[in-house]
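Source file: entry13.tsv; contents: TSV, C-alpha atoms.
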chain	number	residue	atom	x	y	z
J	9	MET	CA	0.00	0.00	0.00
J	10	GLN	CA	1.57	3.24	-1.14
J	11	GLY	CA	2.14	6.05	1.33
J	12	VAL	CA	2.52	3.87	4.44
J	13	GLU	CA	5.99	4.12	5.95
J	14	THR	CA	7.38	1.02	7.65
J	15	CYS	CA	10.38	0.56	9.92
J	16	ALA	CA	13.39	-0.66	7.93
J	17	GLU	CA	14.49	-2.84	10.84
J	18	CYS	CA	11.36	-4.48	12.28
J	19	GLY	CA	8.98	-4.00	9.33
J	20	VAL	CA	6.17	-2.54	11.44
J	21	PRO	CA	4.22	0.43	10.02
J	22	ILE	CA	5.34	3.65	11.69
J	23	TYR	CA	1.66	4.51	12.22
J	24	ILE	CA	1.33	1.58	14.64
J	25	THR	CA	4.29	2.50	16.84
J	26	SER	CA	3.85	6.28	16.65
J	27	GLU	CA	0.12	6.24	17.42
J	28	HIS	CA	0.08	3.48	20.07
J	29	LEU	CA	1.91	2.81	23.31
J	30	TRP	CA	2.27	-0.62	24.92
J	31	HIS	CA	1.90	0.69	28.48
J	32	SER	CA	3.39	-0.80	31.65
J	33	SER	CA	-0.20	-1.45	32.81
J	34	GLY	CA	-0.64	-4.12	30.14
J	35	PHE	CA	-2.92	-1.88	28.07
J	36	ILE	CA	-2.27	-0.52	24.57
J	37	LEU	CA	-2.98	3.22	24.66
J	38	GLN	CA	-3.76	5.57	21.82
J	39	ARG	CA	-1.09	8.22	22.26
J	40	ARG	CA	-3.31	11.13	21.18
J	41	ASP	CA	-6.10	10.05	23.52
J	42	PRO	CA	-4.79	7.80	26.33
J	43	ARG	CA	-8.37	7.25	27.52
J	44	HIS	CA	-8.87	5.11	24.41
J	45	ILE	CA	-7.32	1.64	24.56
J	46	ILE	CA	-7.17	-1.12	21.98
J	47	ILE	CA	-6.35	-4.81	21.95
J	48	PHE	CA	-4.23	-6.76	19.46
J	49	LEU	CA	-6.00	-10.07	19.10
J	50	GLU	CA	-6.29	-13.09	16.84
J	51	SER	CA	-9.22	-12.38	14.52
J	52	GLU	CA	-10.19	-16.05	14.62
J	53	ASN	CA	-10.86	-15.66	18.34
J	54	LEU	CA	-13.26	-12.78	17.69
J	55	GLU	CA	-15.13	-14.64	14.96
J	56	GLU	CA	-15.30	-17.98	16.78
J	57	LEU	CA	-16.30	-16.36	20.06
J	58	LEU	CA	-19.41	-14.86	18.45
J	59	LYS	CA	-20.18	-18.06	16.57
J	60	GLY	CA	-19.78	-19.96	19.83
J	61	VAL	CA	-22.23	-17.67	21.60
J	62	GLU	CA	-24.69	-18.19	18.74
J	63	ARG	CA	-24.31	-21.98	18.91
J	64	ILE	CA	-24.89	-22.08	22.66
J	65	LEU	CA	-27.95	-19.82	22.44
J	66	GLY	CA	-29.31	-21.59	19.38
J	67	ILE	CA	-30.50	-18.32	17.83
J	68	PRO	CA	-28.90	-15.81	15.43
J	69	ILE	CA	-27.22	-12.79	17.03
J	70	GLU	CA	-25.84	-11.06	13.93
J	71	ARG	CA	-28.43	-8.24	13.95
J	72	ILE	CA	-27.61	-7.28	17.54
J	73	VAL	CA	-23.85	-7.53	17.02
J	74	VAL	CA	-23.76	-5.54	13.76
J	75	ASP	CA	-25.97	-2.80	15.16
J	76	ALA	CA	-23.91	-2.46	18.34
J	77	ARG	CA	-20.67	-2.45	16.29
J	78	ARG	CA	-21.97	0.27	13.97
J	79	ARG	CA	-23.23	2.45	16.79
J	80	THR	CA	-20.04	2.21	18.85
J	81	ALA	CA	-17.91	2.97	15.78
J	82	ALA	CA	-20.11	5.94	14.85
J	83	ALA	CA	-19.95	7.31	18.40
J	84	TYR	CA	-16.15	7.06	18.39
J	85	MET	CA	-15.79	8.66	14.96
J	86	GLU	CA	-18.21	11.42	15.90
J	87	ARG	CA	-15.85	12.23	18.76
J	88	VAL	CA	-12.55	12.12	16.86
J	89	ILE	CA	-13.47	13.66	13.48
J	90	PRO	CA	-12.69	17.40	13.59
J	91	GLU	CA	-15.77	19.59	13.73
J	92	GLY	CA	-14.44	21.67	10.85
J	93	LEU	CA	-14.24	18.65	8.59
J	94	LYS	CA	-17.75	17.51	9.48
J	95	ARG	CA	-19.08	21.00	8.83
J	96	ALA	CA	-17.28	21.20	5.47
J	97	VAL	CA	-18.76	17.85	4.39
J	98	ARG	CA	-22.28	18.78	5.50
J	99	GLU	CA	-22.03	22.13	3.72
J	100	LYS	CA	-20.78	20.23	0.64
J	101	LYS	CA	-17.53	22.17	0.52
J	102	VAL	CA	-15.66	18.87	0.73
J	103	GLU	CA	-16.70	15.66	-1.02
J	104	VAL	CA	-17.49	12.85	1.38
J	105	LYS	CA	-16.09	9.98	-0.71
J	106	PRO	CA	-12.35	10.83	-0.47
J	107	VAL	CA	-12.73	11.53	3.24
J	108	ILE	CA	-14.18	8.06	3.82
J	109	GLU	CA	-11.48	6.54	1.61
J	110	GLY	CA	-8.83	8.20	3.77
J	111	MET	CA	-10.45	6.99	6.98
J	112	THR	CA	-10.92	3.40	5.83
J	113	SER	CA	-7.35	3.21	4.54
J	114	ILE	CA	-6.22	3.24	8.18
J	115	GLY	CA	-8.02	-0.08	8.50
J	116	HIS	CA	-5.48	-1.62	6.11
J	117	VAL	CA	-2.77	-0.93	8.71
J	118	LEU	CA	-4.89	-2.21	11.61
J	119	GLY	CA	-5.58	-5.54	9.92
J	120	TYR	CA	-9.21	-4.92	8.93
J	121	GLY	CA	-8.88	-6.11	5.33
J	122	ARG	CA	-9.02	-4.13	2.09
J	123	PHE	CA	-11.70	-1.47	1.63
J	124	GLU	CA	-12.76	0.20	-1.62
J	125	VAL	CA	-15.49	2.84	-1.82
J	126	VAL	CA	-17.39	1.74	-4.94
J	127	ASP	CA	-20.03	4.49	-4.97
J	128	CYS	CA	-21.32	7.18	-2.70
J	129	ARG	CA	-24.04	9.84	-2.72
J	130	TYR	CA	-24.58	12.65	-0.26
J	131	GLN	CA	-27.18	15.31	-1.03
J	132	GLY	CA	-28.81	15.45	2.39
J	133	ASP	CA	-31.95	13.54	1.43
J	134	GLU	CA	-33.42	10.05	1.66
J	135	GLU	CA	-31.53	8.85	-1.42
J	136	ASP	CA	-28.09	9.15	0.17
J	137	PHE	CA	-26.09	5.92	0.24
J	138	LEU	CA	-22.64	4.38	0.52
J	139	LEU	CA	-21.41	1.25	-1.26
J	140	VAL	CA	-18.12	-0.33	-0.17
J	141	ARG	CA	-16.32	-3.46	-1.30
J	142	VAL	CA	-14.56	-5.26	1.56
J	143	GLU	CA	-12.01	-7.96	0.79
J	144	ASN	CA	-10.68	-10.29	3.48
J	145	PRO	CA	-12.52	-8.74	6.44
J	146	TYR	CA	-11.13	-9.80	9.79
J	147	SER	CA	-14.68	-10.75	10.82
J	148	VAL	CA	-17.76	-11.00	8.64
J	149	ILE	CA	-19.98	-9.84	11.50
J	150	LEU	CA	-17.75	-7.14	12.99
J	151	GLY	CA	-15.75	-6.06	9.95
J	152	SER	CA	-18.40	-4.44	7.78
J	153	ALA	CA	-19.63	-1.58	9.95
J	154	ASP	CA	-16.74	0.91	9.97
J	155	PRO	CA	-17.30	2.59	6.56
J	156	VAL	CA	-21.00	3.08	7.29
J	157	ALA	CA	-20.18	4.42	10.76
J	158	ALA	CA	-17.74	6.90	9.21
J	159	PHE	CA	-20.39	8.06	6.73
J	160	GLU	CA	-22.93	8.44	9.55
J	161	ALA	CA	-20.55	10.49	11.69
J	162	LEU	CA	-19.51	12.73	8.80
J	163	VAL	CA	-22.96	13.61	7.48
J	164	GLY	CA	-24.76	13.55	10.83
J	165	GLU	CA	-27.60	11.31	9.65
J	166	GLU	CA	-28.74	7.95	11.02
J	167	MET	CA	-27.80	5.08	8.74
J	168	GLY	CA	-28.84	1.48	8.30
J	169	MET	CA	-26.70	-1.11	6.59
J	170	ASP	CA	-26.65	-4.52	4.99
J	171	HIS	CA	-24.06	-6.69	3.27
J	172	GLU	CA	-23.89	-9.50	0.76
J	173	GLN	CA	-21.15	-11.91	-0.14
J	174	VAL	CA	-20.01	-11.57	-3.75
J	175	GLY	CA	-16.89	-13.74	-3.66
J	176	PRO	CA	-15.05	-16.28	-1.48
J	177	SER	CA	-13.78	-13.52	0.83
J	178	THR	CA	-15.38	-10.42	-0.67
J	179	PHE	CA	-18.46	-8.55	0.50
J	180	LEU	CA	-20.44	-5.53	-0.65
J	181	VAL	CA	-21.53	-3.32	2.24
J	182	ARG	CA	-24.34	-0.84	1.68
J	183	GLY	CA	-25.21	2.04	3.95
J	184	PHE	CA	-28.50	3.87	3.55
J	185	ARG	CA	-30.58	6.47	5.33
J	186	SER	CA	-32.61	4.79	8.05
J	187	PRO	CA	-33.77	6.11	11.44
J	188	HIS	CA	-32.61	4.07	14.39
J	189	PRO	CA	-35.21	2.31	16.55
J	190	GLU	CA	-36.26	4.54	19.43
J	191	GLU	CA	-35.31	1.93	22.02
J	192	PHE	CA	-31.69	1.96	20.82
J	193	ARG	CA	-31.18	5.65	21.40
J	194	GLU	CA	-29.26	6.65	24.50
J	195	ARG	CA	-28.97	3.00	25.54
J	196	LEU	CA	-25.44	2.14	24.49
J	197	ARG	CA	-22.90	2.57	27.28
J	198	MET	CA	-19.17	2.54	26.63
J	199	ARG	CA	-16.83	1.47	29.41
J	200	ARG	CA	-14.10	3.84	30.55
J	201	TYR	CA	-10.87	2.01	31.33
J	202	GLU	CA	-8.74	2.97	34.30
J	203	TYR	CA	-5.12	1.99	34.69
J	204	GLY	CA	-2.01	2.87	36.68
J	205	GLU	CA	1.64	2.13	36.26
J	206	GLY	CA	2.58	-1.53	36.17
J	207	ASP	CA	5.66	-3.67	35.71
J	208	PHE	CA	5.24	-4.83	32.13
J	209	SER	CA	8.39	-4.01	30.16
J	210	TYR	CA	9.80	-5.06	26.82
J	211	GLU	CA	12.72	-4.68	24.47
J	212	LYS	CA	12.33	-1.88	21.94
J	213	CYS	CA	13.23	-1.77	18.28
J	214	PRO	CA	16.41	0.37	18.07
J	215	SER	CA	15.13	2.10	14.92
J	216	CYS	CA	11.48	3.00	15.52
J	217	GLY	CA	11.27	2.56	19.29
J	218	GLY	CA	8.26	0.26	19.11
J	219	PRO	CA	8.04	-3.10	20.88
J	220	ALA	CA	10.59	-5.50	19.41
J	221	PHE	CA	8.06	-8.34	19.67
J	222	LEU	CA	6.02	-6.75	16.86
J	223	SER	CA	8.69	-8.00	14.46
J	224	LEU	CA	7.10	-11.43	14.99
J	225	TYR	CA	4.23	-10.22	12.79
J	226	ARG	CA	4.00	-9.51	9.06
J	227	TRP	CA	1.95	-6.63	7.59
J	228	ASP	CA	0.43	-7.20	4.14
J	229	LEU	CA	-0.69	-3.63	3.60
J	230	GLU	CA	-2.22	-4.20	0.17
J	231	ARG	CA	-4.60	-6.81	1.55
J	232	GLY	CA	-5.01	-5.26	5.00
J	233	ILE	CA	-3.84	-8.41	6.78
J	234	ILE	CA	-1.52	-8.90	9.76
J	235	THR	CA	-0.23	-12.42	10.45
J	236	HIS	CA	2.14	-14.08	12.88
J	237	ARG	CA	5.23	-15.04	10.91
J	238	GLU	CA	5.44	-18.56	12.35
J	239	SER	CA	1.88	-19.64	13.11
J	240	GLY	CA	0.21	-17.73	10.26
J	241	ARG	CA	-2.57	-16.64	12.61
J	242	ARG	CA	-4.24	-13.40	11.63
J	243	MET	CA	-4.26	-10.47	14.05
J	244	VAL	CA	-6.32	-7.31	14.29
J	245	PHE	CA	-6.32	-4.15	16.39
J	246	PHE	CA	-9.73	-3.74	17.97
J	247	ALA	CA	-11.44	-1.64	20.65
J	248	PRO	CA	-12.34	-3.77	23.69
J	249	SER	CA	-15.06	-1.26	24.55
J	250	VAL	CA	-16.84	-2.39	21.38
J	251	LEU	CA	-16.79	-6.03	22.49
J	252	GLU	CA	-18.05	-5.11	25.93
J	253	ALA	CA	-20.82	-2.99	24.39
J	254	VAL	CA	-21.79	-5.94	22.18
J	255	PHE	CA	-21.92	-8.23	25.21
J	256	GLY	CA	-24.02	-5.62	27.04
J	257	GLU	CA	-26.50	-5.37	24.17
J	258	LEU	CA	-26.80	-9.14	23.98
J	259	GLU	CA	-27.50	-9.27	27.71
J	260	ARG	CA	-30.16	-6.54	27.53
J	261	GLU	CA	-31.93	-8.22	24.63
J	262	LEU	CA	-31.46	-11.89	25.48
J	263	GLY	CA	-31.13	-12.08	29.25
J	264	GLU	CA	-28.78	-12.13	32.20
J	265	GLU	CA	-27.25	-15.50	31.27
J	266	ILE	CA	-25.21	-13.88	28.46
J	267	PRO	CA	-22.03	-13.33	30.56
J	268	LYS	CA	-21.93	-17.05	31.39
J	269	VAL	CA	-22.57	-17.87	27.73
J	270	VAL	CA	-19.66	-15.64	26.61
J	271	VAL	CA	-17.36	-17.28	29.17
J	272	GLU	CA	-18.45	-20.74	28.04
J	273	ALA	CA	-17.88	-19.89	24.36
J	274	GLN	CA	-14.38	-18.55	25.07
J	275	LYS	CA	-13.61	-21.56	27.28
J	276	ARG	CA	-14.58	-24.00	24.52
J	277	PHE	CA	-12.48	-22.12	21.97
J	278	THR	CA	-9.44	-22.04	24.27
J	279	ALA	CA	-9.79	-25.64	25.47
J	280	GLY	CA	-9.72	-26.71	21.84
J	281	GLY	CA	-6.00	-25.90	21.86
J	282	PHE	CA	-5.85	-22.51	20.15
J	283	TYR	CA	-3.94	-20.95	23.07
J	284	ARG	CA	-1.23	-22.76	25.01
J	285	LEU	CA	1.18	-21.72	27.74
J	286	LYS	CA	4.85	-22.25	26.93
J	287	GLY	CA	7.92	-23.01	28.97
J	288	GLU	CA	8.41	-23.88	32.61
J	289	GLU	CA	6.97	-20.60	33.90
J	290	PRO	CA	3.33	-20.49	32.77
J	291	ALA	CA	2.59	-17.39	34.87
J	292	ALA	CA	5.34	-15.38	33.14
J	293	ASP	CA	4.24	-16.59	29.72
J	294	LEU	CA	0.57	-15.77	30.35
J	295	LYS	CA	1.53	-12.34	31.72
J	296	PHE	CA	3.50	-11.57	28.55
J	297	GLN	CA	0.83	-12.91	26.19
J	298	LEU	CA	-1.93	-10.87	27.85
J	299	ALA	CA	0.11	-7.65	27.84
J	300	LEU	CA	1.31	-8.16	24.25
J	301	ARG	CA	-2.36	-8.21	23.28
J	302	GLY	CA	-3.20	-5.22	25.49
J	303	ILE	CA	-5.64	-7.22	27.60
J	304	GLY	CA	-4.15	-6.10	30.91
J	305	LEU	CA	-1.62	-6.92	33.61
J	306	LEU	CA	-1.51	-10.32	35.30
J	307	SER	CA	-0.26	-9.72	38.85
J	308	GLU	CA	-1.19	-12.98	40.61
J	309	PHE	CA	-1.36	-16.51	39.22
J	310	GLU	CA	-1.63	-19.87	40.99
J	311	GLU	CA	-2.28	-23.21	39.31
J	312	SER	CA	-2.34	-26.81	40.47
J	313	GLU	CA	-4.48	-29.92	40.16
J	314	GLU	CA	-6.68	-28.27	42.79
J	315	GLY	CA	-7.58	-25.38	40.51
J	316	LEU	CA	-6.46	-22.05	39.14
J	317	ARG	CA	-6.59	-18.51	40.49
J	318	LEU	CA	-5.56	-15.28	38.84
J	319	PHE	CA	-5.87	-11.61	39.64
J	320	MET	CA	-5.52	-8.61	37.33
J	321	PRO	CA	-5.70	-4.99	38.54
J	322	ASN	CA	-7.20	-4.22	35.13
J	323	ALA	CA	-8.68	-6.37	32.40
J	324	ALA	CA	-9.81	-5.03	29.03
J	325	VAL	CA	-12.28	-7.85	28.28
J	326	PRO	CA	-12.93	-9.66	31.58
J	327	LEU	CA	-15.39	-12.23	30.24
J	328	MET	CA	-12.86	-13.37	27.65
J	329	VAL	CA	-10.15	-13.59	30.33
J	330	VAL	CA	-12.40	-15.78	32.49
J	331	GLY	CA	-13.12	-18.11	29.58
J	332	LEU	CA	-9.42	-18.12	28.63
J	333	ALA	CA	-8.36	-19.08	32.16
J	334	GLN	CA	-10.97	-21.85	32.34
J	335	GLY	CA	-10.07	-23.18	28.90
J	336	LEU	CA	-6.34	-23.20	29.68
J	337	PHE	CA	-6.96	-25.08	32.92
J	338	GLU	CA	-9.13	-27.70	31.24
J	339	SER	CA	-6.68	-28.25	28.37
J	340	ARG	CA	-3.67	-28.49	30.71
J	341	HIS	CA	-5.31	-30.82	33.24
J	342	GLU	CA	-7.75	-32.68	30.95
J	343	THR	CA	-10.69	-32.20	33.27
J	344	GLY	CA	-13.96	-30.34	33.41
J	345	SER	CA	-14.30	-27.27	35.59
J	346	ARG	CA	-16.44	-24.41	36.74
J	347	ALA	CA	-15.40	-20.77	36.90
J	348	GLU	CA	-16.15	-18.04	39.41
J	349	TRP	CA	-15.17	-14.42	39.00
J	350	LYS	CA	-15.67	-10.98	40.42
J	351	THR	CA	-14.83	-7.53	39.12
J	352	GLY	CA	-14.04	-4.28	40.92
J	353	GLU	CA	-14.99	-0.67	40.31
J	354	ARG	CA	-11.60	0.14	38.75
J	355	GLY	CA	-11.60	-2.88	36.44
J	356	GLU	CA	-10.02	-5.40	38.80
J	357	LEU	CA	-10.66	-9.03	37.93
J	358	GLU	CA	-10.27	-12.12	40.10
J	359	VAL	CA	-10.90	-15.54	38.58
J	360	ARG	CA	-11.08	-18.95	40.23
J	361	VAL	CA	-11.33	-22.16	38.23
J	362	ILE	CA	-12.35	-25.25	40.18
J	363	PRO	CA	-12.20	-28.82	38.86
J	364	ALA	CA	-15.63	-30.30	38.26
Reformat the file's structure so that it appears as structure tokens.
Amino acid sequence: MQGVETCAECGVPIYITSEHLWHSSGFILQRRDPRHIIIFLESENLEELLKGVERILGIPIERIVVDARRRTAAAYMERVIPEGLKRAVREKKVEVKPVIEGMTSIGHVLGYGRFEVVDCRYQGDEEDFLLVRVENPYSVILGSADPVAAFEALVGEEMGMDHEQVGPSTFLVRGFRSPHPEEFRERLRMRRYEYGEGDFSYEKCPSCGGPAFLSLYRWDLERGIITHRESGRRMVFFAPSVLEAVFGELERELGEEIPKVVVEAQKRFTAGGFYRLKGEEPAADLKFQLALRGIGLLSEFEESEEGLRLFMPNAAVPLMVVGLAQGLFESRHETGSRAEWKTGERGELEVRVIPA
């Protein structure tokens, strides 16, 4: 992809290391707005987690997930797009199509896939629309909403969306004027993440100053894909607040059992062998793996045949961490289990896994 500078030594796009900080707290912070954190996660985990929830519930959840994803993305873009740019677009002093193209091009660097704005109309009436081709999305359910959210934030109008598959890994996403259901307005709540200084540290690339461990990953900027050089697993940068908002919407619509369902889905995925702890110090390995992904700081970890306990002073996606801990325990000890957890006001998470 032309115009994206990469580090000559580690191969990581300069945008990634200049815009994001792997903090000692185990979070990945956006440098320009440290209140905003992101995670760096295997896209297969995101996709299979949602499919797992759907399988356990026995009902489709795509409508709820897509709507929550679009609304959270639109709310974020509404906040970060300069008011002057929005005003210029709405007054038709600036064409909306190139602005959206510029915004979606960032997704190529973040691992979202390849976006192409096929057609676009903005005249401020009911015929306005956006048509985008998405190739190799990191998630069919989550990966189609961003262009429509950008359009919605720029023009200040409520948008609906749909998508259709037109190739093995290619989709057409259409955004169109559509008022949001009244019950959805003012309901979405985004979590604010708190964090302090921690003890996570890492070697830095001598050239760009970013984490040296990012050299383990390969950026295919033309296709918008990030993969681990050895395992081939695809990675994506993603806002944990979006996942938590999705889980919250599922719980409000489908009932209070959703947190347990999310934990169970993540446990099944993990117990299947996708994640494994390496070496003779599983606590150190898990601490590094969580912080590499920006999920938080592991400060206490105990494991034996009698069970597992962990504590984190912050956790970006606590339900996933609970399911991860339970799945790791079951795969390492080849036994069933049950999980108990509690969270604190500042994001603390304590998990106990007990053999069944």
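For J:Val148, the list of residues within 9 Å, based on all atoms listed in the file and with local chain neighbours fewer than 4 positions off taken out, reads Glu55, Asn144, Ser152 and Phe179 of chain J.
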Dump of C-alpha atoms for the selected residues, as a PDB file, in the coordinates of the input:
ATOM      1  CA  GLU J  55     -15.130 -14.640  14.960  1.00  0.00           C
ATOM      2  CA  ASN J 144     -10.680 -10.290   3.480  1.00  0.00           C
ATOM      3  CA  SER J 152     -18.400  -4.440   7.780  1.00  0.00           C
ATOM      4  CA  PHE J 179     -18.460  -8.550   0.500  1.00  0.00           C
TER       5      PHE J 179
END
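If you look at atom CA of J:Leu285 and atom CA of J:Arg340, they are 8.8 Å away from each other.
The space between atom CA of J:Pro219 and atom CA of J:Gly206 spans 16.3 Å.
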query: Can you list, as a PyMOL selection string, every protein, DNA or RNA residue that comes within 10 Å of J:Tyr203 when you count all atoms listed in the file, leaving out same-chain residues fewer than 2 positions away?
result: chain J and resi 31-35+43+201+205-206+304-305+321-323+354-356
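Residue nearest J:Gly183 within the list J:Arg129, J:Lys94, J:Arg284, J:Lys212: J:Arg129 [criterion: smallest interatomic distance, only C-alpha atoms].
Of the residues under consideration (J:Gln297, J:Ile114, J:Asn53, J:Arg317), J:Asn53 shows the shortest atom-to-atom contact distance to J:Gly280 when counting all atoms listed in the file.
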For J:Glu143, the nearest of the candidates J:Ile108, J:Leu57, J:Val181, J:Met328, counting all atoms listed in the file: J:Val181
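Checking J:Ile64, J:Val117, J:Cys15, J:Val126 one by one against J:Pro155, counting all atoms listed in the file, you find the shortest gap at J:Val126.
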field: Distance query J:Val88 at most 10 Å, only C-alpha atoms, self and fewer than 6 positions along chain excluded, as a PyMOL selection string
entry: chain J and resi 41+82+161
Using only C-alpha atoms, please write the residues we just selected to a file, as a short mmCIF file (atom, residue, chain, number, x, y, z; two decimals), keeping the file's coordinate frame.
data_model
loop_
_atom_site.label_atom_id
_atom_site.label_comp_id
_atom_site.auth_asym_id
_atom_site.auth_seq_id
_atom_site.Cartn_x
_atom_site.Cartn_y
_atom_site.Cartn_z
CA ASP J 41 -6.10 10.05 23.52
CA ALA J 82 -20.11 5.94 14.85
CA ALA J 161 -20.55 10.49 11.69
#
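The residues that lie within 9 Å of the point (-20.0, 5.4, -4.9), counting all atoms listed in the file, are Lys105, Val125, Val126, Asp127, Cys128, Arg129, Phe137, Leu138, Leu139 and Val140 of chain J.
When atom CA of J:Leu332 is paired with atom CA of J:Leu251, their separation reads 15.4 Å.
In terms of minimum interatomic distance to J:Arg71, J:Leu258 ranks closest within J:Leu258, J:Ala299, J:Met243, J:Cys18, counting all atoms listed in the file.
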Name all residues at most 8 Å from J:Thr343 (count all atoms listed in the file; drop same-chain ones fewer than 5 positions away) and give them as a PDB file with C-alpha atoms, in the frame of the given file.
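Below is the file that was written, part17.pdb:
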ATOM      1  CA  GLU J 338      -9.130 -27.700  31.240  1.00  0.00           C
ATOM      2  CA  PRO J 363     -12.200 -28.820  38.860  1.00  0.00           C
ATOM      3  CA  ALA J 364     -15.630 -30.300  38.260  1.00  0.00           C
TER       4      ALA J 364
END
statement: In terms of only C-alpha atoms, the residue from J:Arg242, J:Arg231, J:His341, J:Arg226 at minimal distance from J:Gly19 is J:Arg226
